[in-house]
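Report on one structure; see the data block that follows.
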Amino acid sequence: KRIYVEKKASFAVKAKELEEELKSYLGIDGLEQVRIFIRYDVENLSEDTFEKACKCVFSEPPVDDLYLEKFDMPANGRCFSVEFLPGQFDQRADSAVQCVKFLKEDEDPIIKTAVTYLLVGKISDDEFAKIKSYCINPVDSRETDMVKPETLVTEFAEPADVAIFDGFKDMAEADLKKLYDSLGLAMTFKDFLHIQNYFKNEEKRNPSVTEIRVLDTYWSDHCRHTTFSTELKDVTFEDNYYTEPIKTTYQNYLAVREEIFAGRKDKYVCLMDLALMAMRKLKADGKLEDMEKSNEINACSIVVPIEIDKEDGKGVITEEWLVNFKNETHNHPTEIEPFGGAATCLGGAIRDPLSGRTYVYQAMRVTGAADPTVSVEDTLKGKLPQKKLVRGAASGYSSYGNQIGLATGYVKEVYHPNYVAKRMEIGAVMGAAPRASVIREDSDPGDIIILLGGRTGRDGCGGATGSSKVHTEASIETCGAEVQKGNAPTERKIQRLFRREEVSKIIKKCNDFGAGGVSVAIGELADGLRIDLDKVPKKYAGLDGTELAISESQERMAVVLDKKDVEQFLTYAEEENLEATVVAEVTEAKRLVMSWRGKEIVNLSRAFLDTNGAHQETTVEVEMPDEKECYYKKQDEFKDAKEMWTEKLSDLNVCSKKGLVEMFDSSIGAGTVTMPFGGKTQLTPIQTMTAKLPVLEGKTELTTMMSYGFDPYLSSWSPYHGAV
């Protein structure tokens, strides 16, 4: 069956916005009307359940019109439909399946969705092509046939066995370089030589394709910050007005690192060391006593004493709580697919404190963009228009936060021409939990690792390595699979599960499936591991061993448990409607072993993995700021006051961002202390975000959070889209 769902005219906000954009932004003067339909193809559903679903799952009768099989096409109308690429996660379809199963749980429907655009008016073929190009992002979507298929059942080809790079260990350097160039790796050729040396001298065999892909992922900039760990040699300073104070600061750094490391040969100057030295000094001086000490490095974590009302209401008690802070950039994914990239920016930031068993209660978003008001004709080749980028990213981030029930207390977008090549997308979150509820223990041989949450698909394959590469105009042709799709309702369920004290107290260690998938998320939990990839739950058939090892499908956690606690944990997960599967065991031997189809496709020593690739070195010449650009030396260049005011007020950075800020719910959970706008007229933007810690009273949350889903296509709040 096929149905089309359209917002009634008075609620068709997204259609009206798109109509205005196509007219003013793309210059389609002959356009008279835009109509947007959500198309559902449904199979394997009884007539009775289908009728019920039409009225309460696929549509809301007060605000939607529903058409069975087709809608009337005007004589001067043209339409096209857009669907996600195969392998991309479709949250609308996934949520619809879950909601339909509420109506009749023994039915197992197949649902696929698409968005159909109907354009009415006098539109030329060139203009129609221009509109399609604007509405379809080839990184994650494609135009689909308007003809209804015979069946929605997809037949997946059986994947081939994982190949071995024959002759790799003895390959001449020239041939090795050809192989390296053909693989599109994020690692350097020096790393590739390092791998060859390891397999030749240590393993005495040739590597599998999966081993090369796993190493490329494990050692990527995203997972191991290899650029920041590059040794800085022969640091010199350009000679001018600012040289002395900057050089003195660098000498102070060298003196402090000598004091901290006392001549250790295994430590060297690098950007990471520069960034951390101030913290090391504070810690050495006893000024960071409140920092939580743990080998679970999931987020910045401090210990805070907080006062909580006693249950009888008489007086207060003081408890130690862990308060976590984590920020994450998602510049590359958001640049190529704004909605999904920004959504998983927030999802990824949440997962780190969450994997540390703290409850995430507050978020902020800081972004950088080029001028979104410029003409679409000025868009860089291979890039999305800035207007589409900023709007799609804002919708993605707000959609995820609003669905999961997270107060976003501070939103700021900076406009600067240097962001035209690549935008900046930063999400930051705060999490907290009673310290007594969080256990930090090492993984011991015999411990079991459970994969919790979402299933694995091809979405996100190569995300870590993709965001670690240099990108060009051609990148958009090949990086579609690197786009991750968030699933906020599943992450919300993990939040609920981990907030239960009886659950968090049996988790010895946890890691989120961010960059690197199984290979990194599970690979970091213990020195010795045996992972059975055949047990990893899949979204669909046809995935090979390499894809299962490195896929970055979202909303998954790897949890380490003592064997005696496994059954109890699986019961708790079932109570929260979360899929949980035993996939790995901690071993005595310090090796990362992965098997698929009963064969080992990865078997690497922990010592080699921990080298993080070949040692990288570079020389540095520090450029100095131009003395002429010093603010205090430009006083004579000041114009008259009126001209300066006019120039300042014409800057996008000083315009009101109320429309942007109000896309994000800052009041979810009733813990927000300072709202985004204050002052007498509630129009003054705040400088900080402040919220109360999410304290529980008994077993009941002090505030009840309702989760709605923001529909990116309809600009509306839909209870069926994400409220499962």
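To be explicit about the labels: the chains of the structure tokens are called A, B, and onward in the order shown, and within each one the residues are counted from 1, while ligands get numbers from 1 in the order they are shown.
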Tell me, as a PyMOL selection string, which residues lie within 10 Å of Ile601 in chain A, counting only C-alpha atoms; anything in the same chain fewer than 3 positions away does not count.
-> chain A and resi 161-164+207-211+533+545-546+549+593-598+604
Selection: 12 Å around range 571-583 of chain A, only C-alpha atoms, excl. self and same-chain fewer than 5 positions, as a PyMOL selection string = chain A and resi 98+447-456+489-504+506+518+522+529-538+548-549+555-561+563+565-566+594-596+724
Which residue of A:Ile38, A:Ala363, A:Val269, A:Ala157 approaches Tyr540 in chain A most closely, using only C-alpha atoms | A:Ala157
Near Val414 in chain A, counting only C-alpha atoms, which residues have an atom at most 12 Å away, once you skip same-chain residues fewer than 5 positions from it, shown as number ranges by chain?
-> A: 365-372, 390, 419-420, 423-426, 651-655, 657
Could you save those same residues with all heavy atoms as a short mmCIF file (atom, residue, chain, number, x, y, z; two decimals), in the first residue's frame?
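Ended up saving to again.cif:
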data_model
loop_
_atom_site.label_atom_id
_atom_site.label_comp_id
_atom_site.auth_asym_id
_atom_site.auth_seq_id
_atom_site.Cartn_x
_atom_site.Cartn_y
_atom_site.Cartn_z
N ARG A 365 25.43 25.13 21.99
CA ARG A 365 25.83 24.96 20.59
C ARG A 365 26.51 26.24 20.11
O ARG A 365 25.93 27.32 20.18
CB ARG A 365 24.61 24.66 19.71
CG ARG A 365 24.93 24.56 18.22
CD ARG A 365 23.65 24.26 17.44
NE ARG A 365 23.90 24.05 16.03
CZ ARG A 365 23.56 24.90 15.06
NH1 ARG A 365 22.96 26.05 15.35
NH2 ARG A 365 23.82 24.62 13.80
N VAL A 366 27.75 26.10 19.63
CA VAL A 366 28.48 27.23 19.06
C VAL A 366 28.89 26.85 17.64
O VAL A 366 29.53 25.81 17.43
CB VAL A 366 29.72 27.59 19.90
CG1 VAL A 366 30.46 28.76 19.28
CG2 VAL A 366 29.33 27.90 21.33
N THR A 367 28.52 27.67 16.67
CA THR A 367 28.80 27.33 15.27
C THR A 367 29.43 28.51 14.54
O THR A 367 29.30 29.66 14.96
CB THR A 367 27.51 26.91 14.54
OG1 THR A 367 26.51 27.92 14.75
CG2 THR A 367 26.99 25.60 15.06
N GLY A 368 30.11 28.19 13.45
CA GLY A 368 30.70 29.22 12.60
C GLY A 368 30.27 28.99 11.17
O GLY A 368 30.33 27.87 10.66
N ALA A 369 29.81 30.04 10.50
CA ALA A 369 29.30 29.91 9.13
C ALA A 369 29.69 31.13 8.32
O ALA A 369 29.99 32.20 8.87
CB ALA A 369 27.78 29.75 9.13
N ALA A 370 29.67 30.96 7.00
CA ALA A 370 29.82 32.11 6.11
C ALA A 370 28.45 32.81 6.02
O ALA A 370 27.46 32.32 6.55
CB ALA A 370 30.31 31.67 4.75
N ASP A 371 28.40 33.90 5.31
CA ASP A 371 27.17 34.69 5.20
C ASP A 371 26.07 33.87 4.51
O ASP A 371 26.17 33.54 3.34
CB ASP A 371 27.48 35.95 4.39
CG ASP A 371 26.31 36.91 4.33
OD1 ASP A 371 25.19 36.53 4.73
OD2 ASP A 371 26.50 38.05 3.86
N PRO A 372 24.97 33.54 5.23
CA PRO A 372 23.91 32.74 4.61
C PRO A 372 22.98 33.55 3.71
O PRO A 372 22.11 32.98 3.06
CB PRO A 372 23.15 32.18 5.82
CG PRO A 372 23.36 33.19 6.89
CD PRO A 372 24.71 33.80 6.66
N VAL A 390 23.18 26.34 7.07
CA VAL A 390 22.91 26.85 8.43
C VAL A 390 21.53 26.43 8.91
O VAL A 390 21.34 26.11 10.09
CB VAL A 390 23.08 28.39 8.51
CG1 VAL A 390 24.49 28.80 8.19
CG2 VAL A 390 22.11 29.13 7.62
N TYR A 419 34.72 30.78 7.06
CA TYR A 419 33.97 29.54 7.26
C TYR A 419 33.31 29.06 5.98
O TYR A 419 32.59 28.07 5.99
CB TYR A 419 32.90 29.73 8.34
CG TYR A 419 33.44 29.83 9.74
CD1 TYR A 419 33.21 30.97 10.52
CD2 TYR A 419 34.16 28.79 10.31
CE1 TYR A 419 33.70 31.07 11.82
CE2 TYR A 419 34.65 28.88 11.60
CZ TYR A 419 34.42 30.01 12.35
OH TYR A 419 34.90 30.10 13.63
N VAL A 420 33.56 29.73 4.87
CA VAL A 420 32.90 29.34 3.62
C VAL A 420 33.43 27.99 3.13
O VAL A 420 32.71 27.21 2.50
CB VAL A 420 33.05 30.44 2.54
CG1 VAL A 420 34.46 30.45 1.96
CG2 VAL A 420 32.03 30.24 1.42
N ARG A 423 32.36 24.81 7.58
CA ARG A 423 31.74 25.42 8.76
C ARG A 423 32.30 24.80 10.04
O ARG A 423 32.99 23.78 10.00
CB ARG A 423 30.21 25.25 8.71
CG ARG A 423 29.74 23.85 9.01
CD ARG A 423 28.22 23.76 9.02
NE ARG A 423 27.63 24.13 10.28
CZ ARG A 423 27.00 25.27 10.51
NH1 ARG A 423 26.90 26.18 9.56
NH2 ARG A 423 26.47 25.53 11.68
N MET A 424 31.96 25.42 11.15
CA MET A 424 32.32 24.89 12.46
C MET A 424 31.03 24.49 13.17
O MET A 424 30.08 25.27 13.21
CB MET A 424 33.05 25.95 13.29
CG MET A 424 33.35 25.51 14.71
SD MET A 424 34.31 26.74 15.64
CE MET A 424 33.09 28.03 15.87
N GLU A 425 30.99 23.29 13.68
CA GLU A 425 29.82 22.80 14.42
C GLU A 425 30.31 22.22 15.74
O GLU A 425 30.96 21.17 15.77
CB GLU A 425 29.08 21.74 13.61
CG GLU A 425 27.76 21.29 14.20
CD GLU A 425 26.64 22.30 14.04
OE1 GLU A 425 26.64 23.02 13.03
OE2 GLU A 425 25.77 22.35 14.93
N ILE A 426 30.03 22.93 16.84
CA ILE A 426 30.47 22.47 18.16
C ILE A 426 29.25 22.25 19.05
O ILE A 426 28.40 23.12 19.17
CB ILE A 426 31.40 23.50 18.84
CG1 ILE A 426 32.69 23.67 18.04
CG2 ILE A 426 31.74 23.06 20.27
CD1 ILE A 426 33.62 24.73 18.60
N ASP A 651 26.55 44.32 10.40
CA ASP A 651 27.23 43.04 10.57
C ASP A 651 26.24 41.99 11.07
O ASP A 651 25.53 42.21 12.06
CB ASP A 651 28.36 43.22 11.61
CG ASP A 651 29.25 41.99 11.72
OD1 ASP A 651 28.83 40.91 11.26
OD2 ASP A 651 30.35 42.11 12.29
N LEU A 652 26.20 40.85 10.39
CA LEU A 652 25.29 39.77 10.80
C LEU A 652 25.52 39.33 12.24
O LEU A 652 24.62 38.83 12.90
CB LEU A 652 25.47 38.56 9.89
CG LEU A 652 24.65 38.49 8.60
CD1 LEU A 652 25.02 37.23 7.83
CD2 LEU A 652 23.17 38.49 8.91
N ASN A 653 26.74 39.51 12.73
CA ASN A 653 27.06 39.02 14.07
C ASN A 653 26.39 39.82 15.18
O ASN A 653 26.37 39.37 16.32
CB ASN A 653 28.58 39.02 14.28
CG ASN A 653 29.24 37.91 13.49
OD1 ASN A 653 29.01 36.74 13.74
ND2 ASN A 653 30.05 38.27 12.50
N VAL A 654 25.86 41.00 14.88
CA VAL A 654 25.18 41.77 15.93
C VAL A 654 23.67 41.76 15.75
O VAL A 654 22.95 42.39 16.51
CB VAL A 654 25.70 43.22 16.00
CG1 VAL A 654 27.17 43.26 16.32
CG2 VAL A 654 25.40 43.99 14.72
N CYS A 655 23.19 41.05 14.73
CA CYS A 655 21.74 40.98 14.55
C CYS A 655 21.13 40.07 15.61
O CYS A 655 21.82 39.27 16.23
CB CYS A 655 21.37 40.49 13.15
SG CYS A 655 21.65 38.73 12.90
N LYS A 657 19.46 36.95 17.15
CA LYS A 657 19.44 35.54 16.76
C LYS A 657 18.30 34.81 17.47
O LYS A 657 18.35 33.60 17.69
CB LYS A 657 20.79 34.88 17.07
CG LYS A 657 21.93 35.51 16.26
CD LYS A 657 23.23 34.76 16.44
CE LYS A 657 24.34 35.36 15.58
NZ LYS A 657 24.78 36.68 16.01
#
Between A:Pro694, A:Pro305, A:Pro74, A:Gly382, which one has atoms that come closest to Ile336 in chain A, using only C-alpha atoms?
->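 Checking each of A:Pro694, A:Pro305, A:Pro74, A:Gly382 against Ile336 in chain A, counting only C-alpha atoms, the winner is A:Gly382.
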